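Pasted below: final-v8.pdb, PDB, C-alpha atoms.
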ATOM      1  CA  MET Z   1     -17.923   9.621  12.038  1.00  0.00           C
ATOM      2  CA  LEU Z   2     -20.953  11.148  10.339  1.00  0.00           C
ATOM      3  CA  ARG Z   3     -22.680  11.916  13.630  1.00  0.00           C
ATOM      4  CA  ALA Z   4     -19.501  13.337  15.133  1.00  0.00           C
ATOM      5  CA  ALA Z   5     -19.177  15.645  12.114  1.00  0.00           C
ATOM      6  CA  GLY Z   6     -22.694  16.961  12.641  1.00  0.00           C
ATOM      7  CA  VAL Z   7     -24.231  15.264   9.604  1.00  0.00           C
ATOM      8  CA  GLY Z   8     -27.916  14.629  10.169  1.00  0.00           C
ATOM      9  CA  LEU Z   9     -31.508  15.331   9.178  1.00  0.00           C
ATOM     10  CA  GLY Z  10     -31.853  17.193   5.898  1.00  0.00           C
ATOM     11  CA  ASP Z  11     -28.298  16.503   4.766  1.00  0.00           C
ATOM     12  CA  GLU Z  12     -27.248  14.471   1.747  1.00  0.00           C
ATOM     13  CA  VAL Z  13     -24.213  12.169   1.724  1.00  0.00           C
ATOM     14  CA  VAL Z  14     -22.730  10.864  -1.529  1.00  0.00           C
ATOM     15  CA  VAL Z  15     -21.907   7.146  -1.390  1.00  0.00           C
ATOM     16  CA  PRO Z  16     -21.166   4.360  -3.898  1.00  0.00           C
ATOM     17  CA  ALA Z  17     -23.921   1.930  -4.866  1.00  0.00           C
ATOM     18  CA  PHE Z  18     -21.380  -0.702  -5.899  1.00  0.00           C
ATOM     19  CA  GLY Z  19     -20.560  -2.452  -2.652  1.00  0.00           C
ATOM     20  CA  ASN Z  20     -21.952  -3.185   0.760  1.00  0.00           C
ATOM     21  CA  VAL Z  21     -25.216  -1.733   1.992  1.00  0.00           C
ATOM     22  CA  GLU Z  22     -23.717  -0.792   5.375  1.00  0.00           C
ATOM     23  CA  VAL Z  23     -22.474   2.605   4.174  1.00  0.00           C
ATOM     24  CA  ALA Z  24     -25.927   3.697   3.002  1.00  0.00           C
ATOM     25  CA  GLU Z  25     -27.417   2.293   6.205  1.00  0.00           C
ATOM     26  CA  ALA Z  26     -25.020   4.377   8.286  1.00  0.00           C
ATOM     27  CA  VAL Z  27     -26.056   7.514   6.407  1.00  0.00           C
ATOM     28  CA  ALA Z  28     -29.736   6.735   6.933  1.00  0.00           C
ATOM     29  CA  LYS Z  29     -29.134   5.979  10.615  1.00  0.00           C
ATOM     30  CA  VAL Z  30     -28.031   9.566  11.295  1.00  0.00           C
ATOM     31  CA  GLY Z  31     -31.106  10.876   9.450  1.00  0.00           C
ATOM     32  CA  ALA Z  32     -29.350  11.924   6.262  1.00  0.00           C
ATOM     33  CA  LEU Z  33     -30.147  10.866   2.690  1.00  0.00           C
ATOM     34  CA  PRO Z  34     -27.690   8.604   0.825  1.00  0.00           C
ATOM     35  CA  VAL Z  35     -27.131   9.849  -2.724  1.00  0.00           C
ATOM     36  CA  PHE Z  36     -25.531   7.370  -5.100  1.00  0.00           C
ATOM     37  CA  ALA Z  37     -22.748   8.261  -7.535  1.00  0.00           C
ATOM     38  CA  ASP Z  38     -21.145   6.082 -10.178  1.00  0.00           C
ATOM     39  CA  VAL Z  39     -17.787   4.328  -9.864  1.00  0.00           C
ATOM     40  CA  ASP Z  40     -14.599   4.318 -11.873  1.00  0.00           C
ATOM     41  CA  PRO Z  41     -14.641   1.140 -14.017  1.00  0.00           C
ATOM     42  CA  ALA Z  42     -10.987   0.363 -13.254  1.00  0.00           C
ATOM     43  CA  THR Z  43     -10.923   0.855  -9.468  1.00  0.00           C
ATOM     44  CA  TYR Z  44     -14.606   0.255  -8.604  1.00  0.00           C
ATOM     45  CA  CYS Z  45     -14.320   3.237  -6.246  1.00  0.00           C
ATOM     46  CA  LEU Z  46     -16.264   6.495  -6.475  1.00  0.00           C
ATOM     47  CA  ASP Z  47     -15.546   8.500  -9.609  1.00  0.00           C
ATOM     48  CA  ALA Z  48     -14.834  12.106  -8.639  1.00  0.00           C
ATOM     49  CA  ALA Z  49     -16.581  13.539 -11.712  1.00  0.00           C
ATOM     50  CA  ALA Z  50     -19.670  11.458 -10.977  1.00  0.00           C
ATOM     51  CA  VAL Z  51     -19.641  12.683  -7.377  1.00  0.00           C
ATOM     52  CA  GLU Z  52     -19.451  16.304  -8.459  1.00  0.00           C
ATOM     53  CA  ALA Z  53     -22.402  15.772 -10.801  1.00  0.00           C
ATOM     54  CA  VAL Z  54     -24.714  14.848  -7.900  1.00  0.00           C
ATOM     55  CA  VAL Z  55     -23.596  17.529  -5.416  1.00  0.00           C
ATOM     56  CA  THR Z  56     -26.411  19.866  -4.343  1.00  0.00           C
ATOM     57  CA  PRO Z  57     -26.672  22.656  -1.743  1.00  0.00           C
ATOM     58  CA  ARG Z  58     -27.794  19.979   0.742  1.00  0.00           C
ATOM     59  CA  THR Z  59     -24.735  17.754   0.233  1.00  0.00           C
ATOM     60  CA  ALA Z  60     -22.750  17.590   3.466  1.00  0.00           C
ATOM     61  CA  ALA Z  61     -20.308  14.744   2.935  1.00  0.00           C
ATOM     62  CA  VAL Z  62     -18.836  12.103   0.650  1.00  0.00           C
ATOM     63  CA  VAL Z  63     -17.928   8.596   1.803  1.00  0.00           C
ATOM     64  CA  ALA Z  64     -15.175   7.094  -0.331  1.00  0.00           C
ATOM     65  CA  VAL Z  65     -14.870   3.317  -0.014  1.00  0.00           C
ATOM     66  CA  HIS Z  66     -11.615   1.619  -0.970  1.00  0.00           C
ATOM     67  CA  ARG Z  67     -12.514  -1.515  -2.897  1.00  0.00           C
ATOM     68  CA  PHE Z  68     -10.818  -4.895  -3.528  1.00  0.00           C
ATOM     69  CA  GLY Z  69      -7.402  -3.571  -2.493  1.00  0.00           C
ATOM     70  CA  ARG Z  70      -7.524  -0.472  -4.714  1.00  0.00           C
ATOM     71  CA  LEU Z  71      -7.601   3.032  -3.240  1.00  0.00           C
ATOM     72  CA  ALA Z  72     -10.225   5.593  -4.165  1.00  0.00           C
ATOM     73  CA  ASP Z  73      -8.960   8.790  -5.809  1.00  0.00           C
ATOM     74  CA  ILE Z  74      -8.706  10.637  -2.508  1.00  0.00           C
ATOM     75  CA  PRO Z  75      -6.703  13.654  -3.814  1.00  0.00           C
ATOM     76  CA  ARG Z  76      -9.416  14.488  -6.376  1.00  0.00           C
ATOM     77  CA  LEU Z  77     -12.197  13.865  -3.874  1.00  0.00           C
ATOM     78  CA  HIS Z  78     -10.528  16.101  -1.292  1.00  0.00           C
ATOM     79  CA  ALA Z  79     -10.118  18.823  -3.912  1.00  0.00           C
ATOM     80  CA  LEU Z  80     -13.820  18.454  -4.732  1.00  0.00           C
ATOM     81  CA  GLY Z  81     -14.637  18.640  -1.041  1.00  0.00           C
ATOM     82  CA  GLN Z  82     -12.672  21.857  -0.654  1.00  0.00           C
ATOM     83  CA  ARG Z  83     -14.440  23.446  -3.631  1.00  0.00           C
ATOM     84  CA  HIS Z  84     -17.887  22.637  -2.265  1.00  0.00           C
ATOM     85  CA  GLY Z  85     -17.244  22.679   1.478  1.00  0.00           C
ATOM     86  CA  LEU Z  86     -17.859  18.957   1.898  1.00  0.00           C
ATOM     87  CA  LEU Z  87     -16.534  16.495   4.429  1.00  0.00           C
ATOM     88  CA  VAL Z  88     -14.716  13.583   2.741  1.00  0.00           C
ATOM     89  CA  LEU Z  89     -14.655  10.371   4.760  1.00  0.00           C
ATOM     90  CA  GLU Z  90     -12.875   7.146   3.881  1.00  0.00           C
ATOM     91  CA  GLN Z  91     -13.881   3.565   4.579  1.00  0.00           C
ATOM     92  CA  GLY Z  92     -10.929   1.236   4.240  1.00  0.00           C
ATOM     93  CA  GLU Z  93     -10.499  -2.506   4.143  1.00  0.00           C
ATOM     94  CA  SER Z  94      -8.789  -4.559   6.806  1.00  0.00           C
ATOM     95  CA  GLU Z  95      -5.048  -4.511   6.272  1.00  0.00           C
ATOM     96  CA  ALA Z  96      -3.177  -7.760   5.770  1.00  0.00           C
ATOM     97  CA  PRO Z  97       0.440  -8.323   6.869  1.00  0.00           C
ATOM     98  CA  TYR Z  98       3.062  -7.191   4.367  1.00  0.00           C
ATOM     99  CA  ASP Z  99       4.218 -10.747   3.613  1.00  0.00           C
ATOM    100  CA  GLU Z 100       0.662 -11.794   2.762  1.00  0.00           C
ATOM    101  CA  ILE Z 101       0.180  -8.801   0.481  1.00  0.00           C
ATOM    102  CA  ALA Z 102       3.445  -9.611  -1.306  1.00  0.00           C
ATOM    103  CA  GLN Z 103       2.278 -13.183  -1.885  1.00  0.00           C
ATOM    104  CA  ARG Z 104      -1.076 -12.000  -3.213  1.00  0.00           C
ATOM    105  CA  ARG Z 105       0.709  -9.701  -5.616  1.00  0.00           C
ATOM    106  CA  GLU Z 106       2.826 -12.598  -6.863  1.00  0.00           C
ATOM    107  CA  ARG Z 107      -0.282 -14.677  -7.513  1.00  0.00           C
ATOM    108  CA  ALA Z 108      -2.036 -11.730  -9.138  1.00  0.00           C
ATOM    109  CA  ALA Z 109       0.933 -11.237 -11.472  1.00  0.00           C
ATOM    110  CA  TYR Z 110       0.778 -14.916 -12.419  1.00  0.00           C
ATOM    111  CA  LEU Z 111      -2.930 -14.667 -13.224  1.00  0.00           C
ATOM    112  CA  TYR Z 112      -2.422 -11.468 -15.181  1.00  0.00           C
ATOM    113  CA  ALA Z 113       0.204 -13.152 -17.352  1.00  0.00           C
ATOM    114  CA  LYS Z 114      -1.676 -16.408 -17.908  1.00  0.00           C
ATOM    115  CA  LEU Z 115      -5.428 -15.710 -17.987  1.00  0.00           C
ATOM    116  CA  ARG Z 116      -7.177 -15.513 -21.345  1.00  0.00           C
ATOM    117  CA  GLY Z 117     -10.792 -14.754 -22.163  1.00  0.00           C
ATOM    118  CA  VAL Z 118     -11.438 -12.580 -19.106  1.00  0.00           C
ATOM    119  CA  ARG Z 119     -10.380  -9.000 -18.463  1.00  0.00           C
ATOM    120  CA  ALA Z 120      -7.858  -8.841 -15.650  1.00  0.00           C
ATOM    121  CA  PRO Z 121      -7.785  -5.969 -13.132  1.00  0.00           C
ATOM    122  CA  GLU Z 122      -5.433  -3.085 -13.750  1.00  0.00           C
ATOM    123  CA  ASP Z 123      -2.345  -3.163 -11.559  1.00  0.00           C
ATOM    124  CA  GLY Z 124      -2.669   0.302 -10.036  1.00  0.00           C
ATOM    125  CA  ASP Z 125      -0.334   1.856  -7.490  1.00  0.00           C
ATOM    126  CA  GLY Z 126      -0.637   0.184  -4.120  1.00  0.00           C
ATOM    127  CA  HIS Z 127      -3.037  -2.548  -5.222  1.00  0.00           C
ATOM    128  CA  THR Z 128      -3.087  -5.139  -2.425  1.00  0.00           C
ATOM    129  CA  TYR Z 129      -5.447  -7.583  -4.163  1.00  0.00           C
ATOM    130  CA  GLN Z 130      -7.859  -8.127  -1.300  1.00  0.00           C
ATOM    131  CA  GLN Z 131      -9.829  -9.681  -4.144  1.00  0.00           C
ATOM    132  CA  TYR Z 132      -8.739 -10.488  -7.704  1.00  0.00           C
ATOM    133  CA  VAL Z 133     -11.714  -9.169  -9.655  1.00  0.00           C
ATOM    134  CA  VAL Z 134     -11.959  -9.905 -13.366  1.00  0.00           C
ATOM    135  CA  ARG Z 135     -14.567  -8.978 -15.949  1.00  0.00           C
ATOM    136  CA  VAL Z 136     -16.285 -11.765 -17.864  1.00  0.00           C
ATOM    137  CA  PRO Z 137     -17.107 -10.699 -21.441  1.00  0.00           C
ATOM    138  CA  GLY Z 138     -20.309 -11.580 -23.208  1.00  0.00           C
ATOM    139  CA  ASN Z 139     -23.916 -10.821 -22.392  1.00  0.00           C
ATOM    140  CA  GLY Z 140     -23.474  -9.399 -18.920  1.00  0.00           C
ATOM    141  CA  ARG Z 141     -24.933 -11.236 -15.940  1.00  0.00           C
ATOM    142  CA  PRO Z 142     -26.198 -14.380 -17.733  1.00  0.00           C
ATOM    143  CA  ASP Z 143     -22.770 -15.150 -19.192  1.00  0.00           C
ATOM    144  CA  ARG Z 144     -20.922 -14.163 -16.015  1.00  0.00           C
ATOM    145  CA  ASP Z 145     -23.121 -16.425 -13.883  1.00  0.00           C
ATOM    146  CA  ALA Z 146     -22.761 -19.329 -16.327  1.00  0.00           C
ATOM    147  CA  PHE Z 147     -18.992 -18.807 -16.361  1.00  0.00           C
ATOM    148  CA  ALA Z 148     -18.899 -18.860 -12.544  1.00  0.00           C
ATOM    149  CA  ARG Z 149     -20.907 -22.099 -12.381  1.00  0.00           C
ATOM    150  CA  ALA Z 150     -18.624 -23.775 -14.924  1.00  0.00           C
ATOM    151  CA  VAL Z 151     -15.452 -22.683 -13.115  1.00  0.00           C
ATOM    152  CA  ARG Z 152     -16.804 -23.924  -9.785  1.00  0.00           C
ATOM    153  CA  ALA Z 153     -17.621 -27.249 -11.421  1.00  0.00           C
ATOM    154  CA  LYS Z 154     -13.919 -27.534 -12.222  1.00  0.00           C
ATOM    155  CA  GLY Z 155     -13.049 -27.146  -8.545  1.00  0.00           C
ATOM    156  CA  VAL Z 156     -12.170 -23.459  -8.531  1.00  0.00           C
ATOM    157  CA  GLU Z 157     -13.772 -21.302  -5.849  1.00  0.00           C
ATOM    158  CA  CYS Z 158     -14.999 -17.966  -7.132  1.00  0.00           C
ATOM    159  CA  ARG Z 159     -17.614 -15.457  -6.063  1.00  0.00           C
ATOM    160  CA  VAL Z 160     -19.664 -12.587  -7.400  1.00  0.00           C
ATOM    161  CA  PRO Z 161     -18.359  -9.624  -5.393  1.00  0.00           C
ATOM    162  CA  VAL Z 162     -21.505  -7.466  -5.627  1.00  0.00           C
ATOM    163  CA  LYS Z 163     -24.680  -9.338  -6.511  1.00  0.00           C
ATOM    164  CA  THR Z 164     -27.042  -6.354  -6.335  1.00  0.00           C
ATOM    165  CA  PRO Z 165     -25.972  -2.700  -6.269  1.00  0.00           C
ATOM    166  CA  VAL Z 166     -27.390  -0.775  -3.326  1.00  0.00           C
ATOM    167  CA  HIS Z 167     -29.605   1.502  -5.449  1.00  0.00           C
ATOM    168  CA  ARG Z 168     -31.482  -1.631  -6.586  1.00  0.00           C
ATOM    169  CA  LEU Z 169     -32.226  -2.881  -3.072  1.00  0.00           C
ATOM    170  CA  PRO Z 170     -35.831  -2.293  -1.910  1.00  0.00           C
ATOM    171  CA  GLU Z 171     -34.925  -0.056   1.038  1.00  0.00           C
ATOM    172  CA  PHE Z 172     -32.692   2.239  -1.050  1.00  0.00           C
ATOM    173  CA  ARG Z 173     -34.230   1.956  -4.505  1.00  0.00           C
ATOM    174  CA  ARG Z 174     -33.473   5.005  -6.655  1.00  0.00           C
ATOM    175  CA  CYS Z 175     -34.217   5.834 -10.264  1.00  0.00           C
ATOM    176  CA  VAL Z 176     -30.708   6.974 -11.118  1.00  0.00           C
ATOM    177  CA  SER Z 177     -28.323   6.349 -13.998  1.00  0.00           C
ATOM    178  CA  LEU Z 178     -25.229   4.484 -12.808  1.00  0.00           C
ATOM    179  CA  PRO Z 179     -24.017   2.679 -15.942  1.00  0.00           C
ATOM    180  CA  GLU Z 180     -20.573   1.697 -14.652  1.00  0.00           C
ATOM    181  CA  THR Z 181     -22.049   0.395 -11.399  1.00  0.00           C
ATOM    182  CA  GLU Z 182     -24.612  -1.672 -13.296  1.00  0.00           C
ATOM    183  CA  ARG Z 183     -21.999  -3.009 -15.699  1.00  0.00           C
ATOM    184  CA  ALA Z 184     -19.625  -3.924 -12.882  1.00  0.00           C
ATOM    185  CA  SER Z 185     -22.390  -5.750 -10.989  1.00  0.00           C
ATOM    186  CA  ASP Z 186     -23.212  -7.757 -14.116  1.00  0.00           C
ATOM    187  CA  GLU Z 187     -19.680  -8.620 -15.268  1.00  0.00           C
ATOM    188  CA  THR Z 188     -17.343  -8.938 -12.276  1.00  0.00           C
ATOM    189  CA  LEU Z 189     -16.112 -12.160 -10.717  1.00  0.00           C
ATOM    190  CA  ALA Z 190     -13.594 -12.583  -7.902  1.00  0.00           C
ATOM    191  CA  LEU Z 191     -11.058 -15.354  -8.453  1.00  0.00           C
ATOM    192  CA  PRO Z 192      -8.909 -16.852  -5.675  1.00  0.00           C
ATOM    193  CA  VAL Z 193      -5.654 -15.042  -4.967  1.00  0.00           C
ATOM    194  CA  ASP Z 194      -5.052 -16.026  -1.336  1.00  0.00           C
ATOM    195  CA  ALA Z 195      -1.506 -16.324  -0.077  1.00  0.00           C
ATOM    196  CA  SER Z 196      -2.172 -19.962   0.830  1.00  0.00           C
ATOM    197  CA  LEU Z 197      -2.676 -21.026  -2.804  1.00  0.00           C
ATOM    198  CA  THR Z 198      -0.034 -23.339  -4.236  1.00  0.00           C
ATOM    199  CA  LYS Z 199       1.384 -23.241  -7.756  1.00  0.00           C
ATOM    200  CA  ARG Z 200      -0.814 -26.222  -8.612  1.00  0.00           C
ATOM    201  CA  ASP Z 201      -3.861 -24.285  -7.361  1.00  0.00           C
ATOM    202  CA  MET Z 202      -2.939 -21.346  -9.555  1.00  0.00           C
ATOM    203  CA  GLN Z 203      -2.503 -23.582 -12.588  1.00  0.00           C
ATOM    204  CA  ARG Z 204      -5.956 -25.078 -11.942  1.00  0.00           C
ATOM    205  CA  ILE Z 205      -7.515 -21.610 -11.857  1.00  0.00           C
ATOM    206  CA  VAL Z 206      -5.869 -20.627 -15.130  1.00  0.00           C
ATOM    207  CA  SER Z 207      -6.750 -23.908 -16.832  1.00  0.00           C
ATOM    208  CA  ALA Z 208     -10.409 -23.717 -15.781  1.00  0.00           C
ATOM    209  CA  CYS Z 209     -10.828 -20.095 -16.842  1.00  0.00           C
ATOM    210  CA  ASN Z 210      -8.923 -20.361 -20.105  1.00  0.00           C
ATOM    211  CA  ALA Z 211     -10.940 -23.391 -21.184  1.00  0.00           C
ATOM    212  CA  LEU Z 212     -14.093 -21.299 -20.908  1.00  0.00           C
ATOM    213  CA  GLY Z 213     -13.008 -17.744 -21.583  1.00  0.00           C
ATOM    214  CA  GLY Z 214     -12.614 -18.102 -25.302  1.00  0.00           C
ATOM    215  CA  LEU Z 215     -16.206 -19.264 -25.658  1.00  0.00           C
ATOM    216  CA  LEU Z 216     -17.598 -15.860 -24.656  1.00  0.00           C
ATOM    217  CA  GLN Z 217     -17.422 -12.875 -26.947  1.00  0.00           C
ATOM    218  CA  PRO Z 218     -18.239  -9.267 -26.060  1.00  0.00           C
ATOM    219  CA  ALA Z 219     -21.803  -8.312 -26.943  1.00  0.00           C
ATOM    220  CA  PHE Z 220     -22.244  -5.676 -29.650  1.00  0.00           C
TER     221      PHE Z 220
END

Please rewrite the model in this file as structure tokens.
Amino acid sequence: MLRAAGVGLGDEVVVPAFGNVEVAEAVAKVGALPVFADVDPATYCLDAAAVEAVVTPRTAAVVAVHRFGRLADIPRLHALGQRHGLLVLEQGESEAPYDEIAQRRERAAYLYAKLRGVRAPEDGDGHTYQQYVVRVPGNGRPDRDAFARAVRAKGVECRVPVKTPVHRLPEFRRCVSLPETERASDETLALPVDASLTKRDMQRIVSACNALGGLLQPAF
């Protein structure tokens, strides 16, 4: 899409650092420079104000990535694009069948009602819960990683959705301030929410997390 739009050498493309490296790689592949902007802490998608803050005369495009089943703020990004003459591209996630999405939403609602000691995701419009991403309070990455190990030890599969933000990877290292990206990388944990999970599975997830969640307190 970037090449077809004429984006190339000398251009800048604004992308998120919270997520997969493939977007930045695609920008580099056409000869352009990936410029990282911060994310919204609720959606984990590009924050429009943060994007506008890094726009320069060389900015040609913005790539908005929909994350974890939440949509990026496309209306605001398109308005920004119109103001600055920028192309706004979207990278979506694979769509699941409606029945599967409905089941994920049921399981997400159960977790939202029952979980204690972790911060549940906000139930925004259209959230399909491709992943159920919570925040683990405490001292950032050390506490989050310890929490994940303890939950796994209780038989609950969980994963860190973004282990290293792209602007910290050697090939794209930048000295930029992305506080929400850094915080999300240190605190987030994806809990199971698959449609195949039984009620007993869901109870096990809640029991494991609640037994640990109260032990961690937000750092001051």

**OP:** Report as a PyMOL selection string the residues that result from applying the PyMOL selection byres ((chain Z and resi 36) around 8) to the structure here.
**Re:** chain Z and resi 14-17+34-35+37-38+167+176

**OP:** With the file shown as input, list the residues that the PyMOL selection byres ((chain Z and resi 123-138) around 9) selects, as a ChimeraX atom specification.
**Re:** /Z:42-43,67-71,93-96,101-102,104-105,108-109,117-122,139-144,147,160-161,184,186-194,213,216-220

Leu33 of chain Z surroundings by only C-alpha atoms, 7 Å radius, close-in-sequence under 6 positions cut, as a CSV table (one decimal) with C-alpha atoms, keeping the file's coordinate frame:
chain,number,residue,atom,x,y,z
Z,11,ASP,CA,-28.3,16.5,4.8
Z,12,GLU,CA,-27.2,14.5,1.7
Z,13,VAL,CA,-24.2,12.2,1.7
Z,27,VAL,CA,-26.1,7.5,6.4

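Among the candidate residues Z:Glu182, Z:Glu171, Z:Asp99, Z:Asp145, the one lying nearest to Ala195 of chain Z is Z:Asp99, with distances computed using only C-alpha atoms.
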
**OP:** Mind checking which residues fall within 12 Å of Ser207 of chain Z, counting all atoms listed in the file, ignoring those fewer than 6 positions away in the same chain, and posting them as a ChimeraX atom specification?
**Re:** /Z:111,114-117,151,154-156,200-201,213-214

Subject >> Separation of atom CA of Pro75 of chain Z from atom CA of Arg107 of chain Z in Å >> reply: 29.3 Å
